[in-house]
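The data block below is input01.pdb; it holds PDB, C-alpha atoms and all ligand atoms.
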ATOM      1  CA  MET Z 147    -195.736-102.995   6.271
ATOM      2  CA  ARG Z 148    -197.173-106.142   4.761
ATOM      3  CA  TYR Z 149    -199.156-107.472   1.878
ATOM      4  CA  SER Z 150    -200.443-110.989   1.613
ATOM      5  CA  PHE Z 151    -202.440-112.948  -0.901
ATOM      6  CA  VAL Z 152    -203.287-116.507  -1.815
ATOM      7  CA  SER Z 153    -201.538-117.861  -4.867
ATOM      8  CA  LYS Z 154    -203.646-120.588  -6.441
ATOM      9  CA  SER Z 155    -201.145-121.843  -9.002
ATOM     10  CA  PRO Z 156    -197.498-121.635 -10.044
ATOM     11  CA  GLU Z 157    -198.666-119.076 -12.639
ATOM     12  CA  ASP Z 158    -200.071-116.823  -9.889
ATOM     13  CA  THR Z 159    -196.734-116.983  -8.078
ATOM     14  CA  LEU Z 160    -194.836-116.281 -11.285
ATOM     15  CA  GLU Z 161    -197.050-113.310 -12.042
ATOM     16  CA  PHE Z 162    -196.474-111.884  -8.562
ATOM     17  CA  GLY Z 163    -192.727-112.369  -9.044
ATOM     18  CA  ILE Z 164    -192.849-110.495 -12.347
ATOM     19  CA  ARG Z 165    -194.703-107.589 -10.740
ATOM     20  CA  LEU Z 166    -192.212-107.530  -7.910
ATOM     21  CA  GLY Z 167    -189.222-107.774 -10.256
ATOM     22  CA  LYS Z 168    -190.452-104.787 -12.269
ATOM     23  CA  ASN Z 169    -190.375-102.702  -9.091
ATOM     24  CA  LEU Z 170    -186.975-103.755  -7.738
ATOM     25  CA  GLY Z 171    -183.825-101.700  -8.081
ATOM     26  CA  PRO Z 172    -180.049-101.978  -7.564
ATOM     27  CA  GLY Z 173    -179.123-103.116  -4.070
ATOM     28  CA  ASP Z 174    -182.525-104.600  -3.212
ATOM     29  CA  VAL Z 175    -182.353-107.852  -1.276
ATOM     30  CA  VAL Z 176    -185.320-110.230  -1.360
ATOM     31  CA  CYS Z 177    -185.292-112.851   1.386
ATOM     32  CA  LEU Z 178    -187.409-115.936   0.770
ATOM     33  CA  GLU Z 179    -188.656-118.282   3.443
ATOM     34  CA  GLY Z 180    -190.730-121.426   2.987
ATOM     35  CA  GLU Z 181    -190.325-125.177   3.183
ATOM     36  CA  LEU Z 182    -188.904-127.389   0.417
ATOM     37  CA  GLY Z 183    -191.091-127.126  -2.667
ATOM     38  CA  ALA Z 184    -192.998-124.103  -1.372
ATOM     39  CA  GLY Z 185    -192.338-122.108  -4.544
ATOM     40  CA  LYS Z 186    -189.279-119.961  -3.759
ATOM     41  CA  THR Z 187    -187.576-120.789  -7.047
ATOM     42  CA  VAL Z 188    -190.811-120.293  -9.006
ATOM     43  CA  LEU Z 189    -191.059-116.820  -7.481
ATOM     44  CA  THR Z 190    -187.400-116.132  -8.319
ATOM     45  CA  ILE Z 191    -188.021-117.070 -11.961
ATOM     46  CA  GLY Z 192    -190.801-114.467 -12.001
ATOM     47  CA  ILE Z 193    -188.550-111.826 -10.442
ATOM     48  CA  ALA Z 194    -185.899-112.514 -13.114
ATOM     49  CA  GLU Z 195    -188.511-112.085 -15.819
ATOM     50  CA  GLY Z 196    -189.709-108.834 -14.227
ATOM     51  CA  LEU Z 197    -186.124-107.566 -14.221
ATOM     52  CA  GLY Z 198    -185.913-108.356 -17.933
ATOM     53  CA  ILE Z 199    -183.335-111.113 -17.545
ATOM     54  CA  LYS Z 200    -183.229-113.380 -20.563
ATOM     55  CA  THR Z 201    -181.197-116.314 -19.243
ATOM     56  CA  GLY Z 202    -183.401-118.992 -17.726
ATOM     57  CA  VAL Z 203    -183.150-119.253 -13.948
ATOM     58  CA  THR Z 204    -182.625-122.796 -12.703
ATOM     59  CA  SER Z 205    -181.942-124.326  -9.331
ATOM     60  CA  PRO Z 206    -178.786-126.426  -9.652
ATOM     61  CA  THR Z 207    -178.230-128.678  -6.674
ATOM     62  CA  PHE Z 208    -174.711-127.717  -5.664
ATOM     63  CA  THR Z 209    -174.542-124.035  -6.510
ATOM     64  CA  ILE Z 210    -174.986-121.486  -3.750
ATOM     65  CA  ILE Z 211    -174.734-118.342  -5.872
ATOM     66  CA  ASN Z 212    -175.924-117.913  -9.466
ATOM     67  CA  GLU Z 213    -175.326-114.622 -11.258
ATOM     68  CA  TYR Z 214    -177.524-113.559 -14.160
ATOM     69  CA  PRO Z 215    -176.351-110.553 -16.168
ATOM     70  CA  GLY Z 216    -178.826-107.840 -17.075
ATOM     71  CA  GLU Z 217    -179.404-104.118 -16.896
ATOM     72  CA  ILE Z 218    -179.802-104.827 -13.198
ATOM     73  CA  PRO Z 219    -178.027-108.143 -12.575
ATOM     74  CA  LEU Z 220    -179.720-110.830 -10.496
ATOM     75  CA  TYR Z 221    -177.890-112.793  -7.824
ATOM     76  CA  HIS Z 222    -179.900-115.912  -7.054
ATOM     77  CA  ILE Z 223    -178.637-117.352  -3.796
ATOM     78  CA  ASP Z 224    -179.736-120.605  -2.153
ATOM     79  CA  LEU Z 225    -178.466-121.074   1.396
ATOM     80  CA  TYR Z 226    -180.186-124.419   2.008
ATOM     81  CA  ARG Z 227    -176.892-126.272   2.269
ATOM     82  CA  LEU Z 228    -175.313-123.795   4.677
ATOM     83  CA  GLU Z 229    -175.420-124.036   8.466
ATOM     84  CA  ASP Z 230    -175.193-120.309   9.062
ATOM     85  CA  GLY Z 231    -174.153-117.035   7.456
ATOM     86  CA  ASP Z 232    -170.405-117.489   7.891
ATOM     87  CA  GLU Z 233    -169.827-119.528   4.769
ATOM     88  CA  PHE Z 234    -171.940-117.123   2.721
ATOM     89  CA  TYR Z 235    -169.943-114.245   4.159
ATOM     90  CA  TYR Z 236    -166.642-115.853   3.113
ATOM     91  CA  MET Z 237    -168.070-116.488  -0.364
ATOM     92  CA  GLY Z 238    -168.469-112.737  -0.770
ATOM     93  CA  GLY Z 239    -172.154-112.616   0.097
ATOM     94  CA  GLU Z 240    -171.951-109.163   1.603
ATOM     95  CA  ASP Z 241    -170.318-107.716  -1.506
ATOM     96  CA  LEU Z 242    -173.177-109.102  -3.577
ATOM     97  CA  MET Z 243    -175.921-107.849  -1.277
ATOM     98  CA  TYR Z 244    -174.429-104.359  -1.075
ATOM     99  CA  GLY Z 245    -173.650-104.309  -4.797
ATOM    100  CA  GLN Z 246    -175.569-102.969  -7.783
ATOM    101  CA  GLY Z 247    -177.696-106.004  -8.512
ATOM    102  CA  VAL Z 248    -180.837-107.475  -7.002
ATOM    103  CA  SER Z 249    -180.202-110.363  -4.603
ATOM    104  CA  VAL Z 250    -182.836-113.041  -4.109
ATOM    105  CA  ILE Z 251    -181.995-115.388  -1.261
ATOM    106  CA  GLU Z 252    -183.714-118.720  -0.634
ATOM    107  CA  TRP Z 253    -183.499-119.935   2.996
ATOM    108  CA  ALA Z 254    -182.375-116.405   3.892
ATOM    109  CA  SER Z 255    -182.743-116.794   7.666
ATOM    110  CA  ARG Z 256    -179.605-118.998   7.556
ATOM    111  CA  ALA Z 257    -177.692-115.723   7.018
ATOM    112  CA  GLU Z 258    -179.719-113.564   9.390
ATOM    113  CA  GLY Z 259    -176.657-111.986  11.014
ATOM    114  CA  ILE Z 260    -175.278-110.487   7.821
ATOM    115  CA  LEU Z 261    -178.443-109.452   5.995
ATOM    116  CA  PRO Z 262    -178.936-105.733   5.300
ATOM    117  CA  GLU Z 263    -181.596-103.792   7.201
ATOM    118  CA  ASP Z 264    -183.993-103.062   4.377
ATOM    119  CA  CYS Z 265    -184.498-106.583   3.050
ATOM    120  CA  LEU Z 266    -187.863-107.472   1.586
ATOM    121  CA  TRP Z 267    -189.063-110.624   3.355
ATOM    122  CA  ILE Z 268    -191.355-113.034   1.592
ATOM    123  CA  SER Z 269    -192.782-116.111   3.232
ATOM    124  CA  ILE Z 270    -194.522-118.810   1.228
ATOM    125  CA  LYS Z 271    -196.702-121.318   3.050
ATOM    126  CA  ARG Z 272    -198.727-124.223   1.742
ATOM    127  CA  LEU Z 273    -202.431-124.063   2.499
ATOM    128  CA  ASP Z 274    -204.637-127.069   3.208
ATOM    129  CA  GLU Z 275    -207.361-126.119   0.740
ATOM    130  CA  SER Z 276    -205.496-127.415  -2.285
ATOM    131  CA  GLU Z 277    -202.153-128.920  -3.290
ATOM    132  CA  ASP Z 278    -201.404-125.747  -5.273
ATOM    133  CA  PHE Z 279    -202.537-123.051  -2.842
ATOM    134  CA  ARG Z 280    -199.886-120.917  -1.162
ATOM    135  CA  LEU Z 281    -200.159-118.026   1.267
ATOM    136  CA  ILE Z 282    -197.586-115.466   0.151
ATOM    137  CA  GLU Z 283    -196.700-112.690   2.575
ATOM    138  CA  LEU Z 284    -194.462-109.779   1.691
ATOM    139  CA  GLN Z 285    -193.036-107.681   4.483
ATOM    140  CA  VAL Z 286    -191.061-104.504   3.845
ATOM    141  CA  THR Z 287    -189.566-101.559   5.690
ATOM    142  CA  GLU Z 288    -190.353 -97.894   5.111
ATOM    143  CA  LYS Z 289    -187.814 -97.790   2.277
ATOM    144  CA  HIS Z 290    -190.088 -99.961   0.136
ATOM    145  CA  ARG Z 291    -193.434 -98.353   0.973
ATOM    146  CA  ASP Z 292    -194.035 -97.312  -2.656
ATOM    147  CA  LEU Z 293    -193.006-100.692  -3.976
ATOM    148  CA  LEU Z 294    -195.472-102.394  -1.638
ATOM    149  CA  GLU Z 295    -198.254-100.149  -2.882
ATOM    150  CA  ARG Z 296    -197.484-100.842  -6.509
ATOM    151  CA  VAL Z 297    -197.065-104.574  -6.054
ATOM    152  CA  SER Z 298    -200.252-104.946  -4.034
ATOM    153  CA  LYS Z 299    -202.407-103.180  -6.622
ATOM    154  CA  SER Z 300    -203.492-106.203  -8.567
ATOM    155  CA  GLU Z 301    -206.920-106.985  -9.936
ATOM    156  CA  ASN Z 302    -206.798-110.743  -9.760
ATOM    157  CA  THR Z 303    -204.826-112.353  -6.950
ATOM    158  CA  GLY Z 304    -204.719-109.729  -4.209
ATOM    159  CA  TYR Z 305    -207.183-109.587  -1.368
TER     160      TYR Z 305
HETATM  161  N1  LIG I 401    -199.130-121.746  -6.054
HETATM  162  C1  LIG I 401    -197.913-122.232  -6.352
HETATM  163  N2  LIG I 401    -196.836-121.406  -6.352
HETATM  164  C2  LIG I 401    -195.600-121.891  -6.626
HETATM  165  N3  LIG I 401    -195.329-123.188  -6.917
HETATM  166  C3  LIG I 401    -196.359-124.047  -6.933
HETATM  167  C4  LIG I 401    -197.688-123.615  -6.653
HETATM  168  N4  LIG I 401    -198.513-124.690  -6.722
HETATM  169  C5  LIG I 401    -197.746-125.731  -7.037
HETATM  170  N5  LIG I 401    -196.452-125.380  -7.184
HETATM  171  C6  LIG I 401    -195.361-126.308  -7.508
HETATM  172  O1  LIG I 401    -194.535-126.402  -6.370
HETATM  173  C7  LIG I 401    -193.166-126.527  -6.767
HETATM  174  C8  LIG I 401    -192.334-125.390  -6.172
HETATM  175  O2  LIG I 401    -190.990-125.660  -6.438
HETATM  176  P1  LIG I 401    -189.809-124.655  -6.139
HETATM  177  O3  LIG I 401    -188.587-125.278  -6.700
HETATM  178  O4  LIG I 401    -190.166-123.295  -6.563
HETATM  179  O5  LIG I 401    -189.765-124.713  -4.530
HETATM  180  P2  LIG I 401    -188.656-124.102  -3.564
HETATM  181  O6  LIG I 401    -189.401-123.396  -2.508
HETATM  182  O7  LIG I 401    -187.671-123.339  -4.364
HETATM  183  O8  LIG I 401    -187.997-125.415  -2.952
HETATM  184  P3  LIG I 401    -186.474-125.654  -2.454
HETATM  185  O9  LIG I 401    -186.436-125.238  -1.001
HETATM  186  O10 LIG I 401    -186.307-127.111  -2.621
HETATM  187  O11 LIG I 401    -185.551-124.852  -3.312
HETATM  188  C9  LIG I 401    -193.156-126.502  -8.274
HETATM  189  O12 LIG I 401    -193.158-127.850  -8.750
HETATM  190  C10 LIG I 401    -194.453-125.828  -8.633
HETATM  191  O13 LIG I 401    -194.983-126.231  -9.884
HETATM  192 MG    MG I 402    -185.627-123.479  -4.649
END

Output the file's structure as structure tokens, nothing else.
Amino acid sequence: MRYSFVSKSPEDTLEFGIRLGKNLGPGDVVCLEGELGAGKTVLTIGIAEGLGIKTGVTSPTFTIINEYPGEIPLYHIDLYRLEDGDEFYYMGGEDLMYGQGVSVIEWASRAEGILPEDCLWISIKRLDESEDFRLIELQVTEKHRDLLERVSKSENTGY
């Protein structure tokens, strides 16, 4: 099942992240794909806000895993610097993903072999029309059918 829309600004992407974050629960794993500067971290900041996390999400250069405490904790993971899933595995990646928080993973395909089955996949692609336009596609399994319906019901950005 998929939903896609065109984000026309960082604010659109943030707003989508907030909507998504409000609908995520313990154990959900959000896998983000998209080139450098696509907007993966912007989306993650929105998800954190939707989860009600107060600490500001940043993207420090040398950190692979950032934990943000909250009612549902957020694990913000950036696998850009990893070759494959092994290193993430040895860092305890599986324990995080199968734990009680929400995991959001940038460059998730680097860990393809160890990702859970019911990940939510989000791809962000630049569009030619404008510097700020992004095609955002969310793909989910049956488990997240209701979430997809709720997230896709938006008056402004969805089409
Ligand atoms: N529609 C949009 N959605 C998200 N970000 C946008 C959009 N238009 C412009 N931007 C800008 O693009 C940049 C996205 O940066 P961000 O750090 O989120 O990218 P990233 O995908 O996390 O990159 P990296 O792979 O380096 O971590 C920001 O400077 C943001 O302001
Ligand atoms: Mg990033």

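Proximity of Z:Ile218, Z:Val203, Z:Ile260, Z:Val175 to Gly231 of chain Z, computed with all atoms listed in the file, is greatest for Z:Ile260.
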
Counting only C-alpha atoms, what is within 9 Å of Trp253 of chain Z, bar same-chain residues fewer than 4 positions away, as a tab-separated table (two decimals) with C-alpha atoms, in the frame of the given file?
chain	number	residue	atom	x	y	z
Z	177	CYS	CA	-185.29	-112.85	1.39
Z	178	LEU	CA	-187.41	-115.94	0.77
Z	179	GLU	CA	-188.66	-118.28	3.44
Z	180	GLY	CA	-190.73	-121.43	2.99
Z	181	GLU	CA	-190.32	-125.18	3.18
Z	186	LYS	CA	-189.28	-119.96	-3.76
Z	223	ILE	CA	-178.64	-117.35	-3.80
Z	224	ASP	CA	-179.74	-120.60	-2.15
Z	225	LEU	CA	-178.47	-121.07	1.40
Z	226	TYR	CA	-180.19	-124.42	2.01
Z	257	ALA	CA	-177.69	-115.72	7.02

**OP:** Using all atoms listed in the file, find each residue with an atom at most 9 Å away from ligand LIG 401 (chain I) and format the answer as number ranges by chain.
**Re:** Z: 152-160, 178-191, 204-205, 207, 224, 226, 252-253, 270, 272, 276-282

Original post:
Which is closer to Ala254 of chain Z than all the others in Z:Ile199, Z:Leu228, Z:Val286, Z:Ile164, using all atoms listed in the file?
Top reply: Z:Leu228

**OP:** Work out how far apart atom CA of Leu170 of chain Z and atom CA of Glu240 of chain Z are and give it in Å to one decimal.
**Re:** 18.5 Å

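With only C-alpha atoms and all ligand atoms as the basis for measurement, Z:Pro206 is the residue among Z:Pro206, Z:Asp241, Z:Pro219, Z:Gly198 that approaches ligand MG 402 (chain I) most closely.
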
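Between atom CA of Gly196 of chain Z and atom CA of Lys168 of chain Z the separation is 4.6 Å.
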
**OP:** Determine the residue membership of the PyMOL selection byres (((chain Z and resi 220) around 9) and not hetatm) for the file above and supply it as an MDAnalysis selection string.
**Re:** chainID Z and resid 193:194 197 199 212:216 218:219 221:222 247:250

Subject >> Best match for closeness to ligand MG 402 (chain I) among Z:Trp267, Z:Phe162, Z:Phe151, Z:Phe208, counting all atoms listed in the file >> reply: Z:Phe208

Hey, can I get the axis-aligned box for segment 242-248 of chain Z? All listed atoms, 6 Å padding on each side, centre and edge lengths in Å to one decimal, as JSON.
{"center_x": -177.0, "center_y": -106.0, "center_z": -4.8, "size_x": 19.7, "size_y": 18.1, "size_z": 19.4}

Subject >> Resolved residues for the PyMOL selection byres (((chain Z and resi 284) around 9) and not hetatm) as an MDAnalysis selection string >> reply: chainID Z and resid 147:151 266:269 282:283 285:286 294

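Across the model, the gap from atom CA of Val176 of chain Z to atom CA of Asp264 of chain Z is 9.3 Å.
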
Subject >> Selected residue, from Z:Tyr244, Z:Arg296, Z:Ile210, Z:Leu273, that lies nearest to ligand MG 402 (chain I) when counting only C-alpha atoms and all ligand atoms >> reply: Z:Ile210

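Among Z:Lys299, Z:Lys289, Z:Arg227, Z:Lys200, the residue with the shortest atom-to-atom distance to ligand MG 402 (chain I), counting only C-alpha atoms and all ligand atoms, is Z:Arg227.
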